[in-house]
Each structure stands twice: as structure tokens, then as C-alpha cells.
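**Student:** This one is my_file.pdb, PDB, C-alpha atoms, pLDDT in the B column.
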```
ATOM      1  CA  MET A 570      11.909   8.608  10.973  1.00 92.00           C
ATOM      2  CA  ASP A 571      12.407   5.112  12.357  1.00 95.00           C
ATOM      3  CA  ARG A 572       8.951   3.540  11.943  1.00 98.00           C
ATOM      4  CA  LEU A 573       7.895   1.311   9.046  1.00 98.00           C
ATOM      5  CA  VAL A 574       4.466  -0.311   8.788  1.00 98.00           C
ATOM      6  CA  TYR A 575       2.633  -2.831   6.601  1.00 98.00           C
ATOM      7  CA  THR A 576      -1.061  -3.558   6.084  1.00 98.00           C
ATOM      8  CA  TYR A 577      -2.338  -7.123   5.695  1.00 98.00           C
ATOM      9  CA  TRP A 578      -6.128  -7.238   5.471  1.00 97.00           C
ATOM     10  CA  THR A 579      -7.497 -10.755   4.897  1.00 97.00           C
ATOM     11  CA  ASN A 580     -11.227  -9.919   5.017  1.00 96.00           C
ATOM     12  CA  LYS A 581     -11.757 -12.304   7.929  1.00 94.00           C
ATOM     13  CA  GLY A 582      -9.611 -14.967   6.319  1.00 94.00           C
ATOM     14  CA  ASN A 583     -11.338 -14.859   2.934  1.00 94.00           C
ATOM     15  CA  ASN A 584      -8.293 -13.407   1.183  1.00 94.00           C
ATOM     16  CA  PHE A 585      -4.898 -14.505   2.454  1.00 94.00           C
ATOM     17  CA  LEU A 586      -3.184 -13.977  -0.923  1.00 93.00           C
ATOM     18  CA  ALA A 587      -3.133 -10.152  -0.876  1.00 90.00           C
ATOM     19  CA  GLY A 588      -2.760  -9.972  -4.657  1.00 87.00           C
ATOM     20  CA  PHE A 589      -0.297 -12.837  -5.003  1.00 90.00           C
ATOM     21  CA  HIS A 590      -1.043 -15.984  -6.991  1.00 87.00           C
ATOM     22  CA  THR A 591       0.003 -18.446  -4.304  1.00 90.00           C
ATOM     23  CA  VAL A 592       0.618 -18.485  -0.573  1.00 92.00           C
ATOM     24  CA  GLU A 593       4.185 -19.636  -1.257  1.00 92.00           C
ATOM     25  CA  SER A 594       5.022 -16.567  -3.326  1.00 92.00           C
ATOM     26  CA  LEU A 595       3.410 -14.252  -0.762  1.00 94.00           C
ATOM     27  CA  LEU A 596       5.463 -15.724   2.068  1.00 95.00           C
ATOM     28  CA  LYS A 597       8.664 -15.784   0.026  1.00 94.00           C
ATOM     29  CA  VAL A 598       8.510 -12.068  -0.748  1.00 94.00           C
ATOM     30  CA  PHE A 599       7.104 -10.936   2.590  1.00 96.00           C
ATOM     31  CA  ARG A 600       9.767 -12.760   4.599  1.00 97.00           C
ATOM     32  CA  GLU A 601      12.504 -11.035   2.636  1.00 96.00           C
ATOM     33  CA  SER A 602      10.693  -7.703   2.842  1.00 97.00           C
ATOM     34  CA  LEU A 603      10.404  -7.955   6.626  1.00 98.00           C
ATOM     35  CA  TYR A 604      14.025  -9.024   6.992  1.00 97.00           C
ATOM     36  CA  ASN A 605      15.326  -6.067   4.992  1.00 97.00           C
ATOM     37  CA  SER A 606      12.981  -3.571   6.637  1.00 98.00           C
ATOM     38  CA  GLY A 607      14.315  -4.694  10.012  1.00 97.00           C
ATOM     39  CA  LYS A 608      17.821  -3.760   8.903  1.00 97.00           C
ATOM     40  CA  PHE A 609      16.832  -0.186   8.078  1.00 97.00           C
ATOM     41  CA  PHE A 610      14.126   0.700  10.650  1.00 97.00           C
ATOM     42  CA  LYS A 611      13.963   0.351  14.429  1.00 97.00           C
ATOM     43  CA  GLU A 612      10.198  -0.197  14.439  1.00 98.00           C
ATOM     44  CA  VAL A 613       8.582  -2.579  11.931  1.00 98.00           C
ATOM     45  CA  ILE A 614       4.894  -3.312  12.553  1.00 98.00           C
ATOM     46  CA  VAL A 615       2.332  -5.330  10.604  1.00 98.00           C
ATOM     47  CA  TYR A 616      -1.239  -4.004  10.872  1.00 98.00           C
ATOM     48  CA  THR A 617      -3.625  -6.882  10.263  1.00 98.00           C
ATOM     49  CA  ASP A 618      -6.796  -8.619  11.377  1.00 98.00           C
ATOM     50  CA  TRP A 619      -6.851 -11.594  13.762  1.00 98.00           C
ATOM     51  CA  GLU A 620      -6.998 -14.052  10.885  1.00 98.00           C
ATOM     52  CA  GLY A 621      -3.992 -12.438   9.246  1.00 98.00           C
ATOM     53  CA  LYS A 622      -1.937 -12.491  12.424  1.00 98.00           C
ATOM     54  CA  ASN A 623      -2.782 -16.117  13.157  1.00 98.00           C
ATOM     55  CA  PHE A 624      -1.993 -17.138   9.589  1.00 97.00           C
ATOM     56  CA  LEU A 625       1.395 -15.398   9.486  1.00 98.00           C
ATOM     57  CA  LEU A 626       2.319 -16.776  12.906  1.00 97.00           C
ATOM     58  CA  SER A 627       1.371 -20.274  11.730  1.00 97.00           C
ATOM     59  CA  GLN A 628       3.869 -19.781   8.904  1.00 96.00           C
ATOM     60  CA  GLY A 629       6.621 -18.884  11.343  1.00 96.00           C
ATOM     61  CA  ILE A 630       6.593 -15.119  10.756  1.00 96.00           C
ATOM     62  CA  GLU A 631       7.441 -13.614  14.122  1.00 93.00           C
ATOM     63  CA  CYS A 632       7.220  -9.824  14.145  1.00 96.00           C
ATOM     64  CA  ASP A 633       5.386  -6.988  15.856  1.00 97.00           C
ATOM     65  CA  TYR A 634       1.670  -7.042  15.072  1.00 98.00           C
ATOM     66  CA  GLU A 635      -1.110  -4.523  15.575  1.00 98.00           C
ATOM     67  CA  VAL A 636      -4.509  -6.197  15.263  1.00 98.00           C
ATOM     68  CA  ILE A 637      -7.225  -3.988  13.757  1.00 98.00           C
ATOM     69  CA  ASP A 638     -10.971  -4.573  13.738  1.00 97.00           C
ATOM     70  CA  TYR A 639     -11.595  -3.371  10.191  1.00 96.00           C
ATOM     71  CA  ASP A 640     -15.293  -4.183  10.501  1.00 94.00           C
ATOM     72  CA  SER A 641     -15.642  -1.461  13.110  1.00 96.00           C
ATOM     73  CA  TYR A 642     -15.221   1.079  10.305  1.00 96.00           C
ATOM     74  CA  ASP A 643     -18.080   1.996   7.985  1.00 94.00           C
ATOM     75  CA  TRP A 644     -16.892   1.060   4.502  1.00 96.00           C
ATOM     76  CA  ASN A 645     -17.728  -0.922   1.408  1.00 95.00           C
ATOM     77  CA  LYS A 646     -15.368  -3.930   1.368  1.00 94.00           C
ATOM     78  CA  ARG A 647     -15.012  -3.654  -2.393  1.00 93.00           C
ATOM     79  CA  PHE A 648     -12.685  -0.708  -1.688  1.00 95.00           C
ATOM     80  CA  TRP A 649      -9.936  -3.203  -0.931  1.00 95.00           C
ATOM     81  CA  SER A 650      -7.257  -0.492  -0.544  1.00 95.00           C
ATOM     82  CA  PHE A 651      -9.072   1.263   2.299  1.00 97.00           C
ATOM     83  CA  PRO A 652      -7.423  -0.796   5.083  1.00 98.00           C
ATOM     84  CA  LYS A 653      -4.132   0.889   4.157  1.00 98.00           C
ATOM     85  CA  LEU A 654      -5.776   4.255   4.776  1.00 98.00           C
ATOM     86  CA  ILE A 655      -6.888   2.990   8.164  1.00 98.00           C
ATOM     87  CA  THR A 656      -3.288   2.073   8.954  1.00 98.00           C
ATOM     88  CA  TYR A 657      -2.119   5.523   7.850  1.00 98.00           C
ATOM     89  CA  SER A 658      -4.715   7.226  10.035  1.00 98.00           C
ATOM     90  CA  LEU A 659      -3.561   5.381  13.158  1.00 98.00           C
ATOM     91  CA  GLN A 660      -0.013   6.737  13.000  1.00 98.00           C
ATOM     92  CA  GLU A 661       0.925   9.447  15.475  1.00 97.00           C
ATOM     93  CA  LYS A 662       4.479  10.128  14.324  1.00 97.00           C
ATOM     94  CA  PRO A 663       6.271  10.188  10.956  1.00 97.00           C
ATOM     95  CA  PHE A 664       6.182   6.774   9.312  1.00 98.00           C
ATOM     96  CA  LEU A 665       6.823   4.870   6.124  1.00 98.00           C
ATOM     97  CA  HIS A 666       4.293   2.344   4.814  1.00 98.00           C
ATOM     98  CA  ILE A 667       5.304  -0.225   2.223  1.00 98.00           C
ATOM     99  CA  ASP A 668       3.260  -2.903   0.491  1.00 97.00           C
ATOM    100  CA  MET A 669       3.982  -6.543   1.275  1.00 96.00           C
ATOM    101  CA  ASP A 670       5.439  -7.023  -2.210  1.00 95.00           C
ATOM    102  CA  VAL A 671       8.083  -4.302  -1.745  1.00 96.00           C
ATOM    103  CA  ILE A 672      11.623  -5.220  -0.717  1.00 96.00           C
ATOM    104  CA  LEU A 673      13.926  -2.374   0.295  1.00 97.00           C
ATOM    105  CA  THR A 674      17.525  -3.079  -0.687  1.00 96.00           C
ATOM    106  CA  SER A 675      19.171   0.071   0.664  1.00 96.00           C
ATOM    107  CA  LYS A 676      18.440   2.517   3.459  1.00 93.00           C
ATOM    108  CA  PRO A 677      16.418   5.623   2.553  1.00 95.00           C
ATOM    109  CA  THR A 678      18.129   8.886   3.493  1.00 94.00           C
ATOM    110  CA  ASN A 679      15.459  11.474   2.667  1.00 95.00           C
ATOM    111  CA  LEU A 680      12.802  10.481   5.198  1.00 95.00           C
ATOM    112  CA  ASN A 681      12.490  13.914   6.819  1.00 93.00           C
ATOM    113  CA  ASN A 682      10.286  15.273   4.038  1.00 94.00           C
ATOM    114  CA  THR A 683       6.589  16.011   4.573  1.00 96.00           C
ATOM    115  CA  ILE A 684       5.543  13.233   2.211  1.00 97.00           C
ATOM    116  CA  ILE A 685       7.618  10.481   0.606  1.00 97.00           C
ATOM    117  CA  CYS A 686       6.389   8.176  -2.138  1.00 97.00           C
ATOM    118  CA  GLU A 687       7.576   5.420  -4.457  1.00 96.00           C
ATOM    119  CA  LYS A 688       7.395   7.625  -7.531  1.00 94.00           C
ATOM    120  CA  ILE A 689       5.348  10.406  -9.110  1.00 94.00           C
ATOM    121  CA  ARG A 690       3.743   9.456 -12.401  1.00 90.00           C
ATOM    122  CA  PRO A 691       1.678  11.392 -14.947  1.00 88.00           C
ATOM    123  CA  LEU A 692      -1.605   9.534 -15.128  1.00 80.00           C
ATOM    124  CA  VAL A 693      -4.659  11.423 -16.352  1.00 83.00           C
ATOM    125  CA  MET A 694      -8.057  10.523 -14.932  1.00 82.00           C
ATOM    126  CA  LEU A 695     -10.751  12.000 -17.153  1.00 82.00           C
ATOM    127  CA  SER A 696     -13.299  14.249 -15.495  1.00 86.00           C
ATOM    128  CA  LYS A 697     -16.079  11.740 -16.180  1.00 84.00           C
ATOM    129  CA  ASP A 698     -14.110   9.156 -14.196  1.00 85.00           C
ATOM    130  CA  ARG A 699     -13.712  11.498 -11.229  1.00 88.00           C
ATOM    131  CA  HIS A 700     -17.432  11.855 -10.610  1.00 90.00           C
ATOM    132  CA  PHE A 701     -17.331   9.971  -7.293  1.00 91.00           C
ATOM    133  CA  LEU A 702     -14.779  12.286  -5.677  1.00 92.00           C
ATOM    134  CA  PRO A 703     -15.681  15.238  -3.421  1.00 92.00           C
ATOM    135  CA  GLU A 704     -15.765  18.604  -5.193  1.00 93.00           C
ATOM    136  CA  VAL A 705     -12.767  19.925  -3.261  1.00 94.00           C
ATOM    137  CA  ILE A 706     -10.661  17.012  -4.520  1.00 94.00           C
ATOM    138  CA  LYS A 707     -11.829  17.468  -8.109  1.00 93.00           C
ATOM    139  CA  LYS A 708     -11.018  21.172  -7.828  1.00 93.00           C
ATOM    140  CA  ASN A 709      -7.435  20.381  -6.761  1.00 94.00           C
ATOM    141  CA  TYR A 710      -6.953  17.444  -9.112  1.00 93.00           C
ATOM    142  CA  THR A 711      -3.470  16.987 -10.565  1.00 93.00           C
ATOM    143  CA  PRO A 712      -2.383  14.420 -13.177  1.00 90.00           C
ATOM    144  CA  TYR A 713       0.990  14.083 -11.430  1.00 91.00           C
ATOM    145  CA  ASN A 714       0.044  11.327  -9.060  1.00 92.00           C
ATOM    146  CA  ILE A 715       1.711   9.823  -6.055  1.00 94.00           C
ATOM    147  CA  CYS A 716       2.454   6.109  -6.348  1.00 93.00           C
ATOM    148  CA  SER A 717       1.645   4.460  -3.040  1.00 93.00           C
ATOM    149  CA  GLY A 718       3.623   1.200  -3.011  1.00 95.00           C
ATOM    150  CA  ILE A 719       5.990   3.109  -0.722  1.00 97.00           C
ATOM    151  CA  LEU A 720       4.360   6.020   1.063  1.00 98.00           C
ATOM    152  CA  GLY A 721       4.712   7.974   4.275  1.00 98.00           C
ATOM    153  CA  GLY A 722       5.637  11.174   6.038  1.00 97.00           C
ATOM    154  CA  ASP A 723       3.668  13.578   8.227  1.00 97.00           C
ATOM    155  CA  PRO A 724       0.738  11.703   9.828  1.00 97.00           C
ATOM    156  CA  GLY A 725      -1.372  14.863   9.721  1.00 95.00           C
ATOM    157  CA  LEU A 726      -1.660  14.649   5.946  1.00 95.00           C
ATOM    158  CA  PHE A 727      -2.757  11.035   6.137  1.00 97.00           C
ATOM    159  CA  LYS A 728      -5.438  11.811   8.693  1.00 96.00           C
ATOM    160  CA  ILE A 729      -6.874  14.305   6.193  1.00 96.00           C
ATOM    161  CA  LEU A 730      -6.706  11.602   3.517  1.00 96.00           C
ATOM    162  CA  PHE A 731      -8.596   9.201   5.778  1.00 97.00           C
ATOM    163  CA  ASN A 732     -11.263  11.768   6.678  1.00 95.00           C
ATOM    164  CA  VAL A 733     -11.939  12.581   3.017  1.00 96.00           C
ATOM    165  CA  SER A 734     -11.840   9.031   1.674  1.00 96.00           C
ATOM    166  CA  SER A 735     -13.853   7.539   4.521  1.00 95.00           C
ATOM    167  CA  GLN A 736     -16.839   9.496   3.189  1.00 93.00           C
ATOM    168  CA  VAL A 737     -16.424   7.990  -0.297  1.00 94.00           C
ATOM    169  CA  VAL A 738     -16.064   4.365   0.810  1.00 95.00           C
ATOM    170  CA  LYS A 739     -19.387   4.401   2.659  1.00 92.00           C
ATOM    171  CA  ASN A 740     -21.083   3.929  -0.716  1.00 85.00           C
ATOM    172  CA  LYS A 741     -22.605   0.455  -0.442  1.00 81.00           C
ATOM    173  CA  THR A 742     -24.397   0.172  -3.779  1.00 75.00           C
ATOM    174  CA  GLU A 743     -22.340   1.703  -6.578  1.00 78.00           C
ATOM    175  CA  ARG A 744     -20.027  -0.544  -8.568  1.00 86.00           C
ATOM    176  CA  VAL A 745     -16.426  -0.087  -7.458  1.00 91.00           C
ATOM    177  CA  ASP A 746     -13.947   0.020 -10.351  1.00 90.00           C
ATOM    178  CA  PHE A 747     -10.188   0.542 -10.428  1.00 89.00           C
ATOM    179  CA  ASN A 748     -10.527   4.306 -10.850  1.00 90.00           C
ATOM    180  CA  MET A 749     -12.343   4.436  -7.535  1.00 92.00           C
ATOM    181  CA  ILE A 750      -9.751   2.231  -5.808  1.00 93.00           C
ATOM    182  CA  PHE A 751      -7.002   4.436  -7.189  1.00 90.00           C
ATOM    183  CA  GLY A 752      -8.989   7.580  -6.504  1.00 93.00           C
ATOM    184  CA  ILE A 753      -9.557   7.194  -2.764  1.00 95.00           C
ATOM    185  CA  GLU A 754      -5.830   7.049  -2.111  1.00 96.00           C
ATOM    186  CA  GLU A 755      -3.439   8.325  -4.770  1.00 95.00           C
ATOM    187  CA  ILE A 756      -5.686  10.852  -6.548  1.00 95.00           C
ATOM    188  CA  THR A 757      -7.067  12.199  -3.281  1.00 95.00           C
ATOM    189  CA  LEU A 758      -3.686  12.427  -1.555  1.00 96.00           C
ATOM    190  CA  SER A 759      -2.144  14.147  -4.578  1.00 96.00           C
ATOM    191  CA  ALA A 760      -4.963  16.717  -4.482  1.00 94.00           C
ATOM    192  CA  ILE A 761      -4.481  17.259  -0.743  1.00 95.00           C
ATOM    193  CA  CYS A 762      -0.784  17.936  -1.345  1.00 95.00           C
ATOM    194  CA  LYS A 763      -1.627  20.396  -4.121  1.00 94.00           C
ATOM    195  CA  ALA A 764      -4.152  22.217  -1.910  1.00 94.00           C
ATOM    196  CA  ASN A 765      -1.501  22.558   0.815  1.00 94.00           C
ATOM    197  CA  ASN A 766       1.335  23.524  -1.553  1.00 94.00           C
ATOM    198  CA  ILE A 767       3.275  20.436  -0.569  1.00 95.00           C
ATOM    199  CA  GLN A 768       5.579  18.820  -3.106  1.00 95.00           C
ATOM    200  CA  PRO A 769       5.863  15.049  -2.643  1.00 96.00           C
ATOM    201  CA  THR A 770       9.383  13.629  -2.575  1.00 96.00           C
ATOM    202  CA  VAL A 771      10.382  10.413  -4.317  1.00 97.00           C
ATOM    203  CA  ILE A 772      12.177   8.037  -1.955  1.00 97.00           C
ATOM    204  CA  ASP A 773      15.895   7.809  -2.665  1.00 96.00           C
ATOM    205  CA  CYS A 774      16.606   4.156  -1.878  1.00 95.00           C
ATOM    206  CA  GLU A 775      16.910   1.029  -3.989  1.00 95.00           C
ATOM    207  CA  PHE A 776      14.015  -1.421  -3.863  1.00 94.00           C
ATOM    208  CA  VAL A 777      12.157  -4.163  -5.708  1.00 93.00           C
ATOM    209  CA  HIS A 778       8.391  -3.948  -6.148  1.00 93.00           C
ATOM    210  CA  TYR A 779       6.493  -6.978  -7.447  1.00 89.00           C
ATOM    211  CA  GLN A 780       3.472  -4.825  -8.173  1.00 71.00           C
ATOM    212  CA  SER A 781       2.174  -6.370 -11.393  1.00 57.00           C
ATOM    213  CA  SER A 782       0.500  -9.731 -11.825  1.00 53.00           C
ATOM    214  CA  THR A 783       3.262 -10.620 -14.295  1.00 59.00           C
ATOM    215  CA  ASP A 784       5.986  -9.883 -11.752  1.00 63.00           C
ATOM    216  CA  LYS A 785       4.192 -11.920  -9.099  1.00 59.00           C
ATOM    217  CA  ALA A 786       3.752 -14.815 -11.523  1.00 60.00           C
ATOM    218  CA  LYS A 787       7.509 -14.887 -12.134  1.00 64.00           C
ATOM    219  CA  LEU A 788       8.019 -15.742  -8.486  1.00 61.00           C
ATOM    220  CA  GLU A 789       6.178 -19.006  -9.009  1.00 59.00           C
ATOM    221  CA  MET A 790       8.239 -20.149 -11.993  1.00 57.00           C
ATOM    222  CA  ASP A 791      11.416 -22.137 -11.556  1.00 57.00           C
ATOM    223  CA  ILE A 792      12.093 -22.856 -15.209  1.00 49.00           C
ATOM    224  CA  SER A 793      15.583 -22.424 -16.626  1.00 51.00           C
ATOM    225  CA  GLU A 794      16.952 -22.340 -20.150  1.00 51.00           C
ATOM    226  CA  LYS A 795      17.862 -26.024 -20.013  1.00 53.00           C
ATOM    227  CA  ASP A 796      14.243 -26.925 -19.245  1.00 47.00           C
ATOM    228  CA  ILE A 797      13.135 -25.817 -22.705  1.00 43.00           C
ATOM    229  CA  LYS A 798      16.018 -27.312 -24.707  1.00 46.00           C
ATOM    230  CA  MET A 799      15.649 -30.586 -26.606  1.00 51.00           C
ATOM    231  CA  GLU A 800      18.085 -33.358 -25.916  1.00 53.00           C
ATOM    232  CA  ARG A 801      20.173 -34.259 -28.974  1.00 50.00           C
TER     233      ARG A 801
END
```
Kindly transcribe the structure held in the file into C-alpha cells.
**Tutor:**
Amino acid sequence: MDRLVYTYWTNKGNNFLAGFHTVESLLKVFRESLYNSGKFFKEVIVYTDWEGKNFLLSQGIECDYEVIDYDSYDWNKRFWSFPKLITYSLQEKPFLHIDMDVILTSKPTNLNNTIICEKIRPLVMLSKDRHFLPEVIKKNYTPYNICSGILGGDPGLFKILFNVSSQVVKNKTERVDFNMIFGIEEITLSAICKANNIQPTVIDCEFVHYQSSTDKAKLEMDISEKDIKMER
């Protein structure tokens, strides 16, 4: 596998931050992420909308871009993780997708597995919270869930994921909560793996993932020990 991809959906320029607190912290992490990814993969491509491409180029980020018309898909925009599933579905050969707040610090060596993920975590979703999922996914539900900050492998699996989840995200009226965001990707993909007797593999490289709001906030602080000491 020599292909790594990102997804940067800005909702027509209405959300450039992609979960970060400031543009500065986004650019700081993403520049380093791109630089390191380029050391380990021959192909590094950012899937984005026109507004995202123009914004990143205006900030001096020169890389390979694939511009996607996300509005051409039928989906409720409150499912903000769905653009990643679109990116997955467009791959025609084995790939690795990482979030913009992930920085690889060593080269993965186990990329020939059917599916590779950041980690596998026990996280129980109660049956009442799985009501929105198709019956076949609920039937194959597993509490051992794939974590998708780093995710990739056989594109065939991800096309199945897209086909299943694209039916869920057409819901235009129901409130979209975190369980549903989590459900269309990690819960559904974990169930697809279970149904196909496929065991996900945890990636074997070193990396940093600024996935929490607390971690992202730390990027914006430049306060040292001396800054909180009184002068005597």
C-alpha cells in the first residue's frame, strides 16, 4: 500500500476549522501531518471541496488535491463525518485514510491487512441507541469498535460501508446526535467486518492524534512555567 488520503470538508466554506479551535492550530498540525505522510507514502492526496482547496492553497499548502462536489450526494449535512465515507468509497486500490489532526511519526509495516485502524476499543452502544441503524447492522453489532482516526485497507469493504450508511444519512428531519455520527462509520464498519469474519488490525506505527478538544486547545497555548511564577 502506497496511498494515503485525507478528507477536508468545509461545507462550502462555512467550516474551515475542521474541529480545531483556531485556523492557526489547524494549519500547524496539518502541515506537519502532510510533511510526515509524504515521507512514508508515495501518494498523498487531500479530498476536499473547492473552498477547502482554495483556502489551503492560500495558506501555502501545496499538495495533491481531489475536489469533490459533496452536494451531489443525498445526505443530511448534520452527519458531518459522512464526507470521509465518500472519500473511502472513491478509492479503487488499498489505501490509508488519516484525519487532519493525526501525525505519523514512523512508517507503518502492516499495511497489507484487509482492514487497518487506529485502535480497537470496547464501547457499548445500548440497543435503544442503535434504533437508527439497519437491521443487518444491529444483528451483527459488536462492542469491539474500530477507531477511525487512522483507517484503511481493502476498498471493497469501504464501498459496502458507503452503501449502507448512505441510506441512513438521507434522513433530513431526525435530530442527529453523536451516536448517529459514530454509528454510520465505526459501528457500521465493525458490524460489516463481523459479518464477513474479518478481524481488523491495529496499525503498528507511532503517531500523535490530537483528537480531543483538550488536546487541540493545548496547541494554542504557549504558556511556560515561568509565566505563572511571581517575581520576588
**Student:** Given the file above and the PyMOL selection byres ((chain A and resi 756-764) around 10), which residues are selected, and can you give them as an MDAnalysis selection string?
**Tutor:** chainID A and resid 683:684 689 692:694 699 702:703 705:717 726:727 729:731 733:734 748:755 765:769
**Student:** Please produce a file of the residues just selected, as a short mmCIF file (atom, residue, chain, number, x, y, z; two decimals), in the frame of the given file, where the atoms kept are C-alpha atoms.
**Tutor:**
```cif
data_model
loop_
_atom_site.label_atom_id
_atom_site.label_comp_id
_atom_site.auth_asym_id
_atom_site.auth_seq_id
_atom_site.Cartn_x
_atom_site.Cartn_y
_atom_site.Cartn_z
CA THR A 683 6.59 16.01 4.57
CA ILE A 684 5.54 13.23 2.21
CA ILE A 689 5.35 10.41 -9.11
CA LEU A 692 -1.60 9.53 -15.13
CA VAL A 693 -4.66 11.42 -16.35
CA MET A 694 -8.06 10.52 -14.93
CA ARG A 699 -13.71 11.50 -11.23
CA LEU A 702 -14.78 12.29 -5.68
CA PRO A 703 -15.68 15.24 -3.42
CA VAL A 705 -12.77 19.92 -3.26
CA ILE A 706 -10.66 17.01 -4.52
CA LYS A 707 -11.83 17.47 -8.11
CA LYS A 708 -11.02 21.17 -7.83
CA ASN A 709 -7.44 20.38 -6.76
CA TYR A 710 -6.95 17.44 -9.11
CA THR A 711 -3.47 16.99 -10.56
CA PRO A 712 -2.38 14.42 -13.18
CA TYR A 713 0.99 14.08 -11.43
CA ASN A 714 0.04 11.33 -9.06
CA ILE A 715 1.71 9.82 -6.06
CA CYS A 716 2.45 6.11 -6.35
CA SER A 717 1.64 4.46 -3.04
CA LEU A 726 -1.66 14.65 5.95
CA PHE A 727 -2.76 11.04 6.14
CA ILE A 729 -6.87 14.30 6.19
CA LEU A 730 -6.71 11.60 3.52
CA PHE A 731 -8.60 9.20 5.78
CA VAL A 733 -11.94 12.58 3.02
CA SER A 734 -11.84 9.03 1.67
CA ASN A 748 -10.53 4.31 -10.85
CA MET A 749 -12.34 4.44 -7.54
CA ILE A 750 -9.75 2.23 -5.81
CA PHE A 751 -7.00 4.44 -7.19
CA GLY A 752 -8.99 7.58 -6.50
CA ILE A 753 -9.56 7.19 -2.76
CA GLU A 754 -5.83 7.05 -2.11
CA GLU A 755 -3.44 8.32 -4.77
CA ASN A 765 -1.50 22.56 0.82
CA ASN A 766 1.34 23.52 -1.55
CA ILE A 767 3.28 20.44 -0.57
CA GLN A 768 5.58 18.82 -3.11
CA PRO A 769 5.86 15.05 -2.64
#
```
**Student:** Would you write out, as a compact mmCIF listing (two decimals) with C-alpha atoms, in the frame of the given file, every residue that the PyMOL selection byres ((chain A and resi 676) around 8) captures in this file?
**Tutor:**
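Heads up, here's the output in expr32.txt:
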```txt
# COMPACT_ATOMS: atom_id res chain seq x y z
CA PHE A 609 16.83 -0.19 8.08
CA LEU A 673 13.93 -2.37 0.30
CA THR A 674 17.52 -3.08 -0.69
CA SER A 675 19.17 0.07 0.66
CA PRO A 677 16.42 5.62 2.55
CA THR A 678 18.13 8.89 3.49
CA CYS A 774 16.61 4.16 -1.88
CA GLU A 775 16.91 1.03 -3.99
```
**Student:** Provide the atom CA of Ile655 of chain A to atom CA of Val737 of chain A distance in Å, to one decimal place.
**Tutor:**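 These atoms are spaced 13.7 Å apart.
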**Student:** Can you list, as a ChimeraX atom specification, every protein, DNA or RNA residue that comes within 7 Å of Phe610 of chain A when you count only C-alpha atoms, leaving out same-chain residues fewer than 6 positions away?
**Tutor:** /A:571-573
**Student:** Rounded to one decimal in Å, what is the spacing between atom CA of Asn681 of chain A and atom CA of Tyr604 of chain A?
**Tutor:** 23.0 Å
**Student:** Return as lines of an AutoDock Vina configuration file the centre and edge lengths, in Å with one decimal, of the box along x, y and z that encloses every atom of segment 619-627 of chain A in the file, padded by 6 Å per side.
**Tutor:**
```
center_x = -2.3
center_y = -15.9
center_z = 11.5
size_x = 21.3
size_y = 20.7
size_z = 16.5
```
**Student:** Using only C-alpha atoms, which protein or nucleic acid residues come within 12 Å of Gln660 of chain A? Drop anything in the same chain fewer than 2 positions from it, and give the result as a ChimeraX atom specification.
**Tutor:** /A:572-575,614,616,635,653-658,662-666,721-728,731
**Student:** Taking 2 positions as the minimum chain separation for residues in the same chain, which residues sit within 12 Å of Asn580 of chain A when counting all atoms listed in the file? Answer as a PyMOL selection string.
**Tutor:** chain A and resi 577-578+582-587+617-621+637-640+645-652
**Student:** Between atom CA of Gly718 of chain A and atom CA of Val671 of chain A, what is the distance in Å, rounded to a tenth?
**Tutor:** 7.2 Å
**Student:** Could you add N, CA and C atoms to segment 707-721 of chain A and give me the result as a PDB file, in the coordinates of the input?
**Tutor:**
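Below is the file part09.pdb, written as the result:
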```
ATOM      1  N   LYS A 707     -11.780  17.227  -6.657  1.00 93.00           N
ATOM      2  CA  LYS A 707     -11.829  17.468  -8.109  1.00 93.00           C
ATOM      3  C   LYS A 707     -11.255  18.847  -8.447  1.00 93.00           C
ATOM      4  N   LYS A 708     -11.523  19.813  -7.602  1.00 93.00           N
ATOM      5  CA  LYS A 708     -11.018  21.172  -7.828  1.00 93.00           C
ATOM      6  C   LYS A 708      -9.492  21.203  -7.789  1.00 93.00           C
ATOM      7  N   ASN A 709      -8.895  20.392  -6.922  1.00 94.00           N
ATOM      8  CA  ASN A 709      -7.435  20.381  -6.761  1.00 94.00           C
ATOM      9  C   ASN A 709      -6.773  19.204  -7.467  1.00 94.00           C
ATOM     10  N   TYR A 710      -7.484  18.596  -8.394  1.00 93.00           N
ATOM     11  CA  TYR A 710      -6.953  17.444  -9.112  1.00 93.00           C
ATOM     12  C   TYR A 710      -5.645  17.786  -9.833  1.00 93.00           C
ATOM     13  N   THR A 711      -4.710  16.855  -9.807  1.00 93.00           N
ATOM     14  CA  THR A 711      -3.470  16.987 -10.565  1.00 93.00           C
ATOM     15  C   THR A 711      -3.159  15.660 -11.237  1.00 93.00           C
ATOM     16  N   PRO A 712      -2.715  15.676 -12.495  1.00 90.00           N
ATOM     17  CA  PRO A 712      -2.383  14.420 -13.177  1.00 90.00           C
ATOM     18  C   PRO A 712      -1.041  13.843 -12.733  1.00 90.00           C
ATOM     19  N   TYR A 713      -0.297  14.587 -11.917  1.00 91.00           N
ATOM     20  CA  TYR A 713       0.990  14.083 -11.430  1.00 91.00           C
ATOM     21  C   TYR A 713       0.745  13.379 -10.102  1.00 91.00           C
ATOM     22  N   ASN A 714       0.556  12.077 -10.202  1.00 92.00           N
ATOM     23  CA  ASN A 714       0.044  11.327  -9.060  1.00 92.00           C
ATOM     24  C   ASN A 714       1.110  10.597  -8.267  1.00 92.00           C
ATOM     25  N   ILE A 715       0.887  10.582  -6.987  1.00 94.00           N
ATOM     26  CA  ILE A 715       1.711   9.823  -6.055  1.00 94.00           C
ATOM     27  C   ILE A 715       1.483   8.336  -6.280  1.00 94.00           C
ATOM     28  N   CYS A 716       2.554   7.565  -6.296  1.00 93.00           N
ATOM     29  CA  CYS A 716       2.454   6.109  -6.348  1.00 93.00           C
ATOM     30  C   CYS A 716       2.659   5.571  -4.939  1.00 93.00           C
ATOM     31  N   SER A 717       1.734   4.753  -4.474  1.00 93.00           N
ATOM     32  CA  SER A 717       1.645   4.460  -3.040  1.00 93.00           C
ATOM     33  C   SER A 717       2.230   3.126  -2.606  1.00 93.00           C
ATOM     34  N   GLY A 718       2.997   2.440  -3.470  1.00 95.00           N
ATOM     35  CA  GLY A 718       3.623   1.200  -3.011  1.00 95.00           C
ATOM     36  C   GLY A 718       4.552   1.436  -1.836  1.00 95.00           C
ATOM     37  N   ILE A 719       5.191   2.591  -1.844  1.00 97.00           N
ATOM     38  CA  ILE A 719       5.990   3.109  -0.722  1.00 97.00           C
ATOM     39  C   ILE A 719       5.446   4.504  -0.447  1.00 97.00           C
ATOM     40  N   LEU A 720       5.026   4.744   0.776  1.00 98.00           N
ATOM     41  CA  LEU A 720       4.360   6.020   1.063  1.00 98.00           C
ATOM     42  C   LEU A 720       4.444   6.334   2.549  1.00 98.00           C
ATOM     43  N   GLY A 721       4.679   7.592   2.864  1.00 98.00           N
ATOM     44  CA  GLY A 721       4.712   7.974   4.275  1.00 98.00           C
ATOM     45  C   GLY A 721       5.030   9.437   4.454  1.00 98.00           C
TER      46      GLY A 721
END
```
